[in-house]
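Peer 1: Please find work_16.cif (mmCIF, C-alpha atoms) on the next line:
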data_upload
#
loop_
_atom_site.label_atom_id
_atom_site.label_comp_id
_atom_site.auth_asym_id
_atom_site.auth_seq_id
_atom_site.Cartn_x
_atom_site.Cartn_y
_atom_site.Cartn_z
CA PRO A 1 4.90 -2.13 20.00
CA ILE A 2 2.28 -4.75 20.81
CA GLU A 3 -0.74 -2.46 20.87
CA GLU A 4 -2.37 -0.03 18.46
CA GLY A 5 -1.68 3.65 18.86
CA THR A 6 0.72 6.46 18.06
CA TYR A 7 4.23 6.02 19.41
CA THR A 8 6.78 8.79 19.81
CA SER A 9 10.47 8.06 19.33
CA THR A 10 13.01 10.62 20.45
CA TYR A 11 16.66 10.49 19.36
CA SER A 12 19.12 12.55 21.39
CA VAL A 13 22.86 12.99 20.95
CA ALA A 14 25.37 14.45 23.34
CA ILE A 15 29.01 15.45 23.06
CA ARG A 16 31.62 16.16 25.70
CA LYS A 17 32.86 19.33 24.04
CA THR A 18 31.00 22.60 24.02
CA ASP A 19 28.10 22.37 21.60
CA ALA A 20 27.75 25.42 19.38
CA GLN A 21 24.24 24.43 18.30
CA PRO A 22 22.41 22.38 20.96
CA SER A 23 19.04 22.95 19.31
CA ASN A 24 19.72 20.21 16.72
CA ASN A 25 20.63 17.52 19.22
CA THR A 26 17.14 16.04 19.49
CA PHE A 27 14.87 14.62 16.81
CA THR A 28 11.34 13.35 17.47
CA LYS A 29 9.19 11.23 15.18
CA ASN A 30 5.67 9.85 15.59
CA THR A 31 4.77 6.40 14.26
CA GLU A 32 1.23 5.06 14.02
CA VAL A 33 0.72 1.36 14.70
CA THR A 34 -2.43 -0.34 13.40
CA THR A 35 -3.50 -3.95 13.20
CA ASN A 36 -5.16 -3.69 9.81
CA THR A 37 -2.87 -1.78 7.44
CA TYR A 38 0.79 -2.32 6.52
CA ALA A 39 2.86 0.47 4.99
CA ARG A 40 6.45 1.22 4.09
CA ASP A 41 5.81 4.92 3.43
CA ASP A 42 5.32 8.00 5.57
CA GLY A 43 2.25 9.14 3.65
CA ILE A 44 3.89 12.30 2.26
CA ILE A 45 3.84 12.19 -1.55
CA ASN A 46 6.87 13.67 -3.27
CA GLY A 47 6.64 12.26 -6.79
CA SER A 48 5.80 9.11 -8.69
CA LEU A 49 7.41 6.21 -10.52
CA GLY A 50 6.18 4.10 -13.40
CA ILE A 51 7.43 1.51 -15.86
CA ALA A 52 8.04 1.72 -19.58
CA ARG A 53 5.33 3.37 -21.63
CA ASP A 54 3.04 1.31 -23.84
CA ASN A 55 3.96 -1.87 -21.95
CA GLY A 56 2.11 -4.13 -19.57
CA GLY A 57 3.88 -4.84 -16.32
CA TYR A 58 3.88 -4.63 -12.54
CA LEU A 59 5.36 -2.42 -9.86
CA GLY A 60 4.90 -2.72 -6.14
CA GLN A 61 6.24 -3.47 -2.73
CA GLN A 62 7.19 -6.50 -0.69
CA TYR A 63 5.70 -7.18 2.73
CA ASP A 64 6.61 -9.74 5.38
CA ILE A 65 3.61 -11.52 6.86
CA LEU A 66 4.57 -12.76 10.31
CA GLU A 67 1.39 -14.64 11.16
CA SER A 68 -1.62 -15.88 9.20
CA GLN A 69 -3.83 -12.98 8.11
CA ASP A 70 -6.67 -12.39 5.67
CA ILE A 71 -5.96 -9.61 3.18
CA SER A 72 -9.21 -7.83 2.35
CA SER A 73 -8.18 -4.90 0.14
CA ILE A 74 -5.26 -2.85 -1.17
CA THR A 75 -4.94 0.93 -0.96
CA PHE A 76 -2.72 2.81 -3.39
CA VAL A 77 -2.15 6.28 -4.85
CA ILE A 78 -1.88 6.74 -8.62
CA ALA A 79 -0.35 9.87 -10.12
CA ASN A 80 -2.42 10.69 -13.19
CA LYS A 81 -0.09 13.18 -14.80
CA GLU A 82 -1.68 15.25 -17.57
CA GLU A 83 -4.85 13.19 -17.02
CA ILE A 84 -3.69 10.83 -19.76
CA ILE A 85 -4.99 7.67 -18.05
CA THR A 86 -8.33 9.07 -16.87
CA GLY A 87 -10.93 6.31 -17.19
CA LEU A 88 -8.36 3.50 -17.30
CA GLU A 89 -9.25 0.44 -15.24
CA VAL A 90 -6.43 -0.88 -13.06
CA ARG A 91 -6.14 -3.48 -10.34
CA ALA A 92 -3.72 -4.58 -7.65
CA THR A 93 -2.27 -8.06 -7.35
CA VAL A 94 -0.72 -10.18 -4.60
CA TRP A 95 2.25 -12.38 -5.50
CA ASP A 96 3.90 -15.12 -3.52
CA MET A 97 7.69 -15.16 -3.49
CA VAL A 98 10.11 -18.00 -4.14
CA ASP A 99 13.78 -17.65 -3.21
CA GLY A 100 13.23 -13.95 -2.54
CA VAL A 101 11.74 -13.14 -5.97
CA PRO A 102 8.06 -12.66 -6.97
CA ASP A 103 6.76 -15.90 -8.45
CA ALA A 104 3.02 -16.03 -9.15
CA ILE A 105 -0.20 -14.11 -8.53
CA VAL A 106 -2.15 -15.65 -5.65
CA ALA A 107 -4.87 -13.00 -5.32
CA ALA A 108 -6.11 -9.92 -7.16
CA THR A 109 -8.43 -7.02 -6.50
CA GLU A 110 -11.42 -5.75 -8.37
CA PHE A 111 -10.69 -3.12 -11.02
CA VAL A 112 -10.95 0.56 -10.12
CA THR A 113 -11.32 3.43 -12.57
CA VAL A 114 -8.64 6.13 -12.56
CA THR A 115 -10.01 9.62 -11.98
CA ASN A 116 -8.70 12.89 -13.40
CA THR A 117 -7.12 13.82 -10.05
CA LEU A 118 -3.32 14.11 -10.01
CA ASN A 119 -2.77 12.00 -6.88
CA ASP A 120 -5.92 10.11 -6.03
CA THR A 121 -6.23 7.35 -3.43
CA TYR A 122 -7.95 4.11 -4.38
CA THR A 123 -8.94 1.15 -2.24
CA ALA A 124 -9.70 -2.01 -4.22
CA ASN A 125 -11.27 -5.05 -2.59
CA ILE A 126 -9.86 -8.53 -3.06
CA ILE A 127 -12.03 -10.43 -5.54
CA GLY A 128 -14.53 -12.73 -3.89
CA GLU A 129 -13.60 -12.44 -0.23
CA ALA A 130 -10.62 -11.79 1.99
CA PHE A 131 -7.72 -14.05 0.99
CA ALA A 132 -5.79 -15.98 3.62
CA LEU A 133 -2.04 -15.36 3.59
CA ALA A 134 0.21 -17.78 5.41
CA PRO A 135 3.36 -16.44 7.07
CA GLY A 136 5.92 -15.51 4.44
CA GLN A 137 6.92 -12.81 1.98
CA TYR A 138 4.49 -11.35 -0.54
CA LEU A 139 4.54 -8.66 -3.22
CA VAL A 140 1.65 -6.20 -3.44
CA ALA A 141 1.78 -4.70 -6.93
CA ILE A 142 -0.21 -2.57 -9.34
CA GLU A 143 -0.81 -4.11 -12.74
CA GLN A 144 -0.24 -1.85 -15.74
CA PRO A 145 -2.52 -3.10 -18.53
CA THR A 146 -1.37 -3.48 -22.10
CA ALA A 147 -2.60 -1.34 -25.00
CA GLU A 148 -4.97 -4.18 -25.90
CA ASN A 149 -6.53 -3.80 -22.46
CA GLY A 150 -7.01 -0.06 -22.64
CA LEU A 151 -3.65 1.59 -21.90
CA PRO A 152 -3.51 4.81 -23.98
CA VAL A 153 -0.62 5.25 -26.41
CA GLY A 154 2.36 6.84 -24.68
CA ALA A 155 0.89 6.26 -21.21
CA THR A 156 2.19 4.63 -18.06
CA VAL A 157 0.60 3.89 -14.70
CA GLN A 158 2.64 5.70 -12.06
CA LEU A 159 2.50 4.96 -8.34
CA ALA A 160 3.03 7.80 -5.90
CA ILE A 161 6.30 7.62 -3.96
CA THR A 162 7.50 9.02 -0.65
CA GLU A 163 10.96 9.94 0.61
CA THR A 164 10.74 7.64 3.60
CA ILE A 165 10.82 4.89 4.73
CA PHE A 166 12.91 3.16 2.04
CA THR A 167 14.18 -0.37 2.61
CA PRO A 168 16.47 -1.82 -0.10
CA GLY A 169 15.23 -4.99 -1.75
CA THR A 170 11.53 -4.36 -1.06
CA THR A 171 10.38 -2.44 -4.15
CA TRP A 172 9.88 -4.51 -7.30
CA ILE A 173 9.38 -3.68 -10.99
CA ASN A 174 8.85 -5.92 -14.00
CA TRP A 175 7.88 -5.42 -17.64
CA PRO A 176 8.63 -7.34 -20.88
CA GLU A 177 11.55 -5.14 -21.98
CA ASN A 178 13.22 -4.93 -18.57
CA PRO A 179 16.97 -4.72 -19.41
CA ASN A 180 17.78 -6.60 -16.22
CA GLY A 181 15.70 -9.59 -17.22
CA SER A 182 12.58 -10.26 -15.21
CA TRP A 183 12.00 -8.74 -11.77
CA SER A 184 14.23 -5.89 -10.57
CA ASN A 185 14.35 -3.69 -7.51
CA SER A 186 13.72 0.01 -8.06
CA GLU A 187 17.19 0.86 -6.68
CA ASP A 188 18.63 -1.07 -9.63
CA PHE A 189 17.57 1.96 -11.68
CA GLY A 190 18.68 4.52 -9.11
CA PHE A 191 15.29 5.12 -7.45
CA ASN A 192 15.49 4.75 -3.68
CA PHE A 193 11.86 5.50 -2.88
CA PRO A 194 9.02 3.43 -1.43
CA PHE A 195 5.69 3.24 -3.23
CA LEU A 196 2.50 4.34 -1.58
CA ILE A 197 0.72 0.99 -1.77
CA ARG A 198 -0.68 -0.63 1.35
CA PRO A 199 -2.30 -4.00 2.01
CA ASN A 200 -5.31 -3.96 4.33
CA PHE A 201 -6.15 -6.94 6.50
CA GLN A 202 -9.41 -8.14 7.92
CA ASN A 203 -9.78 -7.38 11.60
CA GLN A 204 -9.56 -10.77 13.25
CA SER A 205 -11.34 -9.44 16.33
CA LEU A 206 -14.45 -8.77 14.25
CA ALA A 207 -15.00 -12.26 12.91
CA VAL A 208 -18.66 -13.16 12.38
CA GLU A 209 -18.60 -15.88 15.01
CA ASP A 210 -17.53 -13.33 17.64
CA PHE A 211 -20.74 -11.33 17.43
CA ASN A 212 -23.45 -12.02 19.98
CA LEU A 213 -26.44 -9.71 19.65
CA GLU A 214 -28.64 -11.57 22.10
CA ASN A 215 -30.08 -9.24 24.73
CA ASN A 216 -28.74 -6.21 22.82
CA THR A 217 -30.85 -3.55 21.16
CA ILE A 218 -29.80 -1.76 17.99
CA VAL A 219 -31.37 1.65 17.41
CA LEU A 220 -31.53 3.47 14.07
CA TYR A 221 -32.77 7.05 13.92
CA PRO A 222 -34.31 9.14 12.50
CA ASN A 223 -36.49 6.74 10.56
CA PRO A 224 -37.48 7.48 7.88
CA SER A 225 -34.61 9.71 6.75
CA SER A 226 -33.44 11.16 3.46
CA ASP A 227 -30.02 12.25 4.64
CA ILE A 228 -28.10 10.99 7.69
CA VAL A 229 -29.02 8.14 10.01
CA THR A 230 -27.45 7.16 13.34
CA ILE A 231 -26.97 3.55 14.45
CA SER A 232 -26.31 2.79 18.10
CA ASN A 233 -26.49 -0.12 20.51
#
Reformat the file's structure so that it appears as structure tokens.

Peer 2:
Amino acid sequence: PIEEGTYTSTYSVAIRKTDAQPSNNTFTKNTEVTTNTYARDDGIINGSLGIARDNGGYLGQQYDILESQDISSITFVIANKEEIITGLEVRATVWDMVDGVPDAIVAATEFVTVTNTLNDTYTANIIGEAFALAPGQYLVAIEQPTAENGLPVGATVQLAITETIFTPGTTWINWPENPNGSWSNSEDFGFNFPFLIRPNFQNQSLAVEDFNLENNTIVLYPNPSSDIVTISN
């Protein structure tokens, strides 16, 4: 698809013999296409995955950037089981990749504070301003802090997972005691699930230089107000 919107895909099968159950011959799925958010998940949470307890480390997902874009924030869902990490400050990181493996952090978000909600959604802004990503492969990962940086004893930061859409080789995990060495894919440990972690990109059509307010009037009402205001032009 080359435009934003919701697209419907229908899969139909047919056989030459008599079909005893024709009702299962068609499957329909809706897919939303946006210009600002990338995702490898279907948004339906069915569990969570984390790395070793009491260790610092990273877990996240690889994305292919096809043309230059400015990443502005990262949205992710953390499963705070038993509320053990309530109050913990976590951040997301962006890694470049060399020879198909995460190499170094090129950008990071501001820290967000974990709430006492089981599956809460967080959106953390890139530090400073939107960061320009050249075409290539990048890892978007949550950073699990060490005990020295506030991780409670026996705790782990777990990202929410979904059943679909899993693509082998795109989920990455790393921590100091990883038995496979450094970076591994989650399927190396038998977990074929995508994480719910999504990079958000700055809308190129809303660049500052594109605005021209000459001869336009902006109205704000009611004014004054202590509750809701409306802005129109």

Peer 1: I need the residue set behind the PyMOL selection byres ((chain A and resi 175) around 8) for this file; please write it as a PyMOL selection string.

Peer 2: chain A and resi 51-52+55-58+173-174+176-178+182-183

Peer 1: When the PyMOL selection byres ((chain A and resi 160-170) around 10) is applied to the file above, which residues end up in the set, as a PDB file with C-alpha atoms, in the coordinates of the input?

Peer 2:
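The resulting file, selection_12.pdb, is shown below:
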ATOM      1  CA  ALA A  39       2.860   0.470   4.990  1.00  0.00           C
ATOM      2  CA  ARG A  40       6.450   1.220   4.090  1.00  0.00           C
ATOM      3  CA  ASP A  41       5.810   4.920   3.430  1.00  0.00           C
ATOM      4  CA  ASP A  42       5.320   8.000   5.570  1.00  0.00           C
ATOM      5  CA  GLY A  43       2.250   9.140   3.650  1.00  0.00           C
ATOM      6  CA  ILE A  44       3.890  12.300   2.260  1.00  0.00           C
ATOM      7  CA  ILE A  45       3.840  12.190  -1.550  1.00  0.00           C
ATOM      8  CA  ASN A  46       6.870  13.670  -3.270  1.00  0.00           C
ATOM      9  CA  GLY A  47       6.640  12.260  -6.790  1.00  0.00           C
ATOM     10  CA  SER A  48       5.800   9.110  -8.690  1.00  0.00           C
ATOM     11  CA  LEU A  49       7.410   6.210 -10.520  1.00  0.00           C
ATOM     12  CA  GLY A  50       6.180   4.100 -13.400  1.00  0.00           C
ATOM     13  CA  GLY A  60       4.900  -2.720  -6.140  1.00  0.00           C
ATOM     14  CA  GLN A  61       6.240  -3.470  -2.730  1.00  0.00           C
ATOM     15  CA  GLN A  62       7.190  -6.500  -0.690  1.00  0.00           C
ATOM     16  CA  TYR A  63       5.700  -7.180   2.730  1.00  0.00           C
ATOM     17  CA  ASP A  64       6.610  -9.740   5.380  1.00  0.00           C
ATOM     18  CA  PHE A  76      -2.720   2.810  -3.390  1.00  0.00           C
ATOM     19  CA  VAL A  77      -2.150   6.280  -4.850  1.00  0.00           C
ATOM     20  CA  ILE A  78      -1.880   6.740  -8.620  1.00  0.00           C
ATOM     21  CA  ALA A  79      -0.350   9.870 -10.120  1.00  0.00           C
ATOM     22  CA  ASN A  80      -2.420  10.690 -13.190  1.00  0.00           C
ATOM     23  CA  GLY A 100      13.230 -13.950  -2.540  1.00  0.00           C
ATOM     24  CA  VAL A 101      11.740 -13.140  -5.970  1.00  0.00           C
ATOM     25  CA  LEU A 118      -3.320  14.110 -10.010  1.00  0.00           C
ATOM     26  CA  ASN A 119      -2.770  12.000  -6.880  1.00  0.00           C
ATOM     27  CA  ASP A 120      -5.920  10.110  -6.030  1.00  0.00           C
ATOM     28  CA  THR A 121      -6.230   7.350  -3.430  1.00  0.00           C
ATOM     29  CA  TYR A 138       4.490 -11.350  -0.540  1.00  0.00           C
ATOM     30  CA  LEU A 139       4.540  -8.660  -3.220  1.00  0.00           C
ATOM     31  CA  VAL A 157       0.600   3.890 -14.700  1.00  0.00           C
ATOM     32  CA  GLN A 158       2.640   5.700 -12.060  1.00  0.00           C
ATOM     33  CA  LEU A 159       2.500   4.960  -8.340  1.00  0.00           C
ATOM     34  CA  THR A 171      10.380  -2.440  -4.150  1.00  0.00           C
ATOM     35  CA  TRP A 172       9.880  -4.510  -7.300  1.00  0.00           C
ATOM     36  CA  SER A 184      14.230  -5.890 -10.570  1.00  0.00           C
ATOM     37  CA  ASN A 185      14.350  -3.690  -7.510  1.00  0.00           C
ATOM     38  CA  SER A 186      13.720   0.010  -8.060  1.00  0.00           C
ATOM     39  CA  GLU A 187      17.190   0.860  -6.680  1.00  0.00           C
ATOM     40  CA  ASP A 188      18.630  -1.070  -9.630  1.00  0.00           C
ATOM     41  CA  PHE A 191      15.290   5.120  -7.450  1.00  0.00           C
ATOM     42  CA  ASN A 192      15.490   4.750  -3.680  1.00  0.00           C
ATOM     43  CA  PHE A 193      11.860   5.500  -2.880  1.00  0.00           C
ATOM     44  CA  PRO A 194       9.020   3.430  -1.430  1.00  0.00           C
ATOM     45  CA  PHE A 195       5.690   3.240  -3.230  1.00  0.00           C
ATOM     46  CA  LEU A 196       2.500   4.340  -1.580  1.00  0.00           C
ATOM     47  CA  ILE A 197       0.720   0.990  -1.770  1.00  0.00           C
TER      48      ILE A 197
END

Peer 1: Any idea what the distance is between atom CA of A:Gly190 and atom CA of A:Thr75?

Peer 2: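 Computing it gives 25.2 Å between the two atoms.
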
Peer 1: Could you state which residues are captured by the PyMOL selection byres ((chain A and resi 54) around 7) in this file, as number ranges by chain?

Peer 2: A: 52-53, 55-56, 146-147, 151, 153-156

Peer 1: Which distance in Å separates atom CA of A:Gln69 and atom CA of A:Phe131, to one decimal?

Peer 2: 8.2 Å
